[in-house]
Amino acid sequence: MTDADAIRINPSILAADFVNMQAELGRIRAADFVHVDVMDNHFVPNLTFGPQMVERIQATSPVPLDVHLMISDVDRWAPGYAELGAASVTFHLEAATDPVRLARRLRGIGARAGVAVKPATAVDGLFDVLDEFDQILVMTVEPGFGGQSFMADQMPKLRRLSDEARRRGSQVWLQVDGGISEATIAQAAEAGADTFVAGSAVFGADDPDAAIASLRSGAAAAHRH
C-alpha cells in the first residue's frame, strides 16, 4: 500500500450546488466517499437533509456515502441511515446514550460505524473502546455550518488518538472535518488523520477531481515526514 492509498478524501456536499446534486456528485468520481451532513436544527443550529434526501443521494452517487449525523436521539435514528445502504454512519458521542451498543448495531446492519466529537469534547474515554468503531471523527470546526476556519488547536487531541490507536494496534480510521484545504491538510495528516472531509476546496474548484488528487498528495507527503 502506498501513502496515497492510505489517504481518503471525502468531499462534503454542503458545499455542492443542491439544485444540481446529481451533476455535482458526478464531478467527484475520484473521491473515496461523499460526506453527507445530516442536521436537525436541534443538536446543531442548522437544518439540512433527512432520510428521503439521503436515500436519493445513495441511489445516484458514484461513490459510497459517509453519513455524518449531527442530530439528537441518534440511538433511534442512526440505524435507519445504515439500512438505506450508507457505507459509513457516524454519530456524535455527545448525542448517544450507549455509543458502543449503537456502533455494534450499525455494524450488524452492514455499515461502518463512526463516532464524532465536538471541539470541546475529550477523547480519552474512547481509548478503551477504539476497536468498537471503524472511524473516529475529530471536528476541526464547531459542527453545524460549512465554511468555518480550521481549528489547529484540535491537533493535540487528534495526535493523542493516533498515538493510542498505534499503541493498541487499532485499525480505526481517524477523520477530520472542518476547514480542510491544501493549506491545512498537512497539519491534520501530520497529527495522524487519514480521512479528510473537504467542502469548498473540492466543490469550489474548476476541476474537483484534480483538487481531490492534490489534497491526497498533500496528505500523503505529510504522512511520509
# chains A, B, ... in the order shown; residues from 1 in each chain; ligands from 1

call {"tool": "residues_around", "arguments": {"residues": "Glu142 in chain A", "least_positions_apart": "4", "cutoff": "10 Å", "atoms": "only C-alpha atoms", "output": "JSON, numbers by chain"}}
result
{"A": [44, 117, 118, 119, 120, 146, 148, 149, 150, 151, 177, 178]}

call {"tool": "write_last_selection", "arguments": {"atoms": "N, CA, C and O atoms", "output": "short mmCIF file (atom, residue, chain, number, x, y, z; two decimals), in the first residue's frame"}}
result
data_model
loop_
_atom_site.label_atom_id
_atom_site.label_comp_id
_atom_site.auth_asym_id
_atom_site.auth_seq_id
_atom_site.Cartn_x
_atom_site.Cartn_y
_atom_site.Cartn_z
N VAL A 44 -27.59 20.74 16.40
CA VAL A 44 -26.84 21.88 15.86
C VAL A 44 -27.85 22.89 15.31
O VAL A 44 -28.96 22.52 14.95
N VAL A 117 -16.65 13.71 17.67
CA VAL A 117 -16.54 14.52 18.88
C VAL A 117 -16.41 15.99 18.50
O VAL A 117 -15.69 16.35 17.57
N LYS A 118 -17.13 16.82 19.22
CA LYS A 118 -17.04 18.27 19.04
C LYS A 118 -15.70 18.78 19.57
O LYS A 118 -15.02 18.08 20.34
N PRO A 119 -15.32 20.00 19.21
CA PRO A 119 -14.03 20.54 19.68
C PRO A 119 -13.85 20.52 21.20
O PRO A 119 -12.73 20.31 21.67
N ALA A 120 -14.91 20.72 21.95
CA ALA A 120 -14.77 20.78 23.41
C ALA A 120 -14.83 19.41 24.08
O ALA A 120 -14.63 19.31 25.30
N GLY A 146 -21.00 25.07 7.32
CA GLY A 146 -19.83 24.95 6.47
C GLY A 146 -19.09 26.28 6.40
O GLY A 146 -19.59 27.32 6.83
N GLN A 148 -16.33 27.33 7.90
CA GLN A 148 -15.61 27.86 9.06
C GLN A 148 -14.10 27.63 8.91
O GLN A 148 -13.65 26.83 8.11
N SER A 149 -13.33 28.35 9.72
CA SER A 149 -11.88 28.22 9.67
C SER A 149 -11.41 27.01 10.47
O SER A 149 -11.97 26.66 11.51
N PHE A 150 -10.37 26.37 9.98
CA PHE A 150 -9.74 25.21 10.60
C PHE A 150 -9.23 25.55 12.00
O PHE A 150 -8.55 26.56 12.20
N MET A 151 -9.55 24.68 12.97
CA MET A 151 -9.13 24.89 14.36
C MET A 151 -7.88 24.05 14.64
O MET A 151 -7.97 22.85 14.95
N ASP A 177 -12.90 16.99 9.98
CA ASP A 177 -13.95 17.66 9.24
C ASP A 177 -14.00 19.12 9.68
O ASP A 177 -14.27 19.40 10.85
N GLY A 178 -13.72 20.03 8.75
CA GLY A 178 -13.83 21.45 9.03
C GLY A 178 -12.61 22.23 8.61
O GLY A 178 -11.53 22.04 9.17
#

call {"tool": "closest_residue", "arguments": {"among": "A:Thr97, A:Asp209, A:Thr140, A:Thr121", "to": "Ile185 in chain A", "atoms": "only C-alpha atoms"}}
result
A:Thr140

call {"tool": "atom_distance", "arguments": {"atom1": "CA of Val123 in chain A", "atom2": "CA of Ile136 in chain A"}}
result
9.5 Å

call {"tool": "closest_residue", "arguments": {"among": "A:Asp75, A:Glu190, A:Glu94, A:Asp66", "to": "Ala221 in chain A", "atoms": "only C-alpha atoms"}}
result
A:Glu190

call {"tool": "closest_residue", "arguments": {"among": "A:Thr90, A:Asn46, A:Ser61, A:Asn10", "to": "Ala78 in chain A", "atoms": "only C-alpha atoms"}}
result
A:Thr90

call {"tool": "atom_distance", "arguments": {"atom1": "CA of Leu126 in chain A", "atom2": "CA of Met155 in chain A"}}
result
16.5 Å

call {"tool": "closest_residue", "arguments": {"among": "A:Ala23, A:Val74, A:Gly192, A:Ala82", "to": "Glu55 in chain A", "atoms": "only C-alpha atoms"}}
result
A:Ala82

call {"tool": "residues_around", "arguments": {"residues": "Met39 in chain A", "least_positions_apart": "4", "cutoff": "12 Å", "atoms": "only C-alpha atoms", "output": "PyMOL selection string"}}
result
chain A and resi 14+43-51+54+67-74+77+91-92+143-146

call {"tool": "write_last_selection", "arguments": {"atoms": "C-alpha atoms", "output": "JSON list (two decimals), in the first residue's frame"}}
result
[["chain", "number", "residue", "atom", "x", "y", "z"],
["A", 14, "LEU", "CA", -22.74, 21.01, 1.99],
["A", 43, "PHE", "CA", -28.31, 19.17, 18.08],
["A", 44, "VAL", "CA", -26.84, 21.88, 15.86],
["A", 45, "PRO", "CA", -28.43, 25.21, 14.82],
["A", 46, "ASN", "CA", -28.94, 24.28, 11.19],
["A", 47, "LEU", "CA", -31.18, 22.03, 9.11],
["A", 48, "THR", "CA", -30.05, 20.03, 6.08],
["A", 49, "PHE", "CA", -31.08, 16.58, 4.85],
["A", 50, "GLY", "CA", -33.29, 13.82, 6.13],
["A", 51, "PRO", "CA", -33.64, 10.15, 5.23],
["A", 54, "VAL", "CA", -30.05, 10.71, 1.72],
["A", 67, "VAL", "CA", -23.10, 9.99, 6.55],
["A", 68, "HIS", "CA", -22.38, 12.32, 9.49],
["A", 69, "LEU", "CA", -25.34, 12.64, 11.84],
["A", 70, "MET", "CA", -25.36, 15.97, 13.67],
["A", 71, "ILE", "CA", -28.69, 15.11, 15.26],
["A", 72, "SER", "CA", -30.21, 14.30, 18.62],
["A", 73, "ASP", "CA", -31.60, 10.88, 19.55],
["A", 74, "VAL", "CA", -29.11, 9.01, 17.37],
["A", 77, "TRP", "CA", -32.39, 7.44, 14.04],
["A", 91, "PHE", "CA", -22.99, 9.73, 15.13],
["A", 92, "HIS", "CA", -21.91, 12.21, 17.79],
["A", 143, "PRO", "CA", -20.46, 21.44, 13.95],
["A", 144, "GLY", "CA", -23.43, 22.98, 12.22],
["A", 145, "PHE", "CA", -22.16, 25.23, 9.44],
["A", 146, "GLY", "CA", -19.83, 24.95, 6.47]]
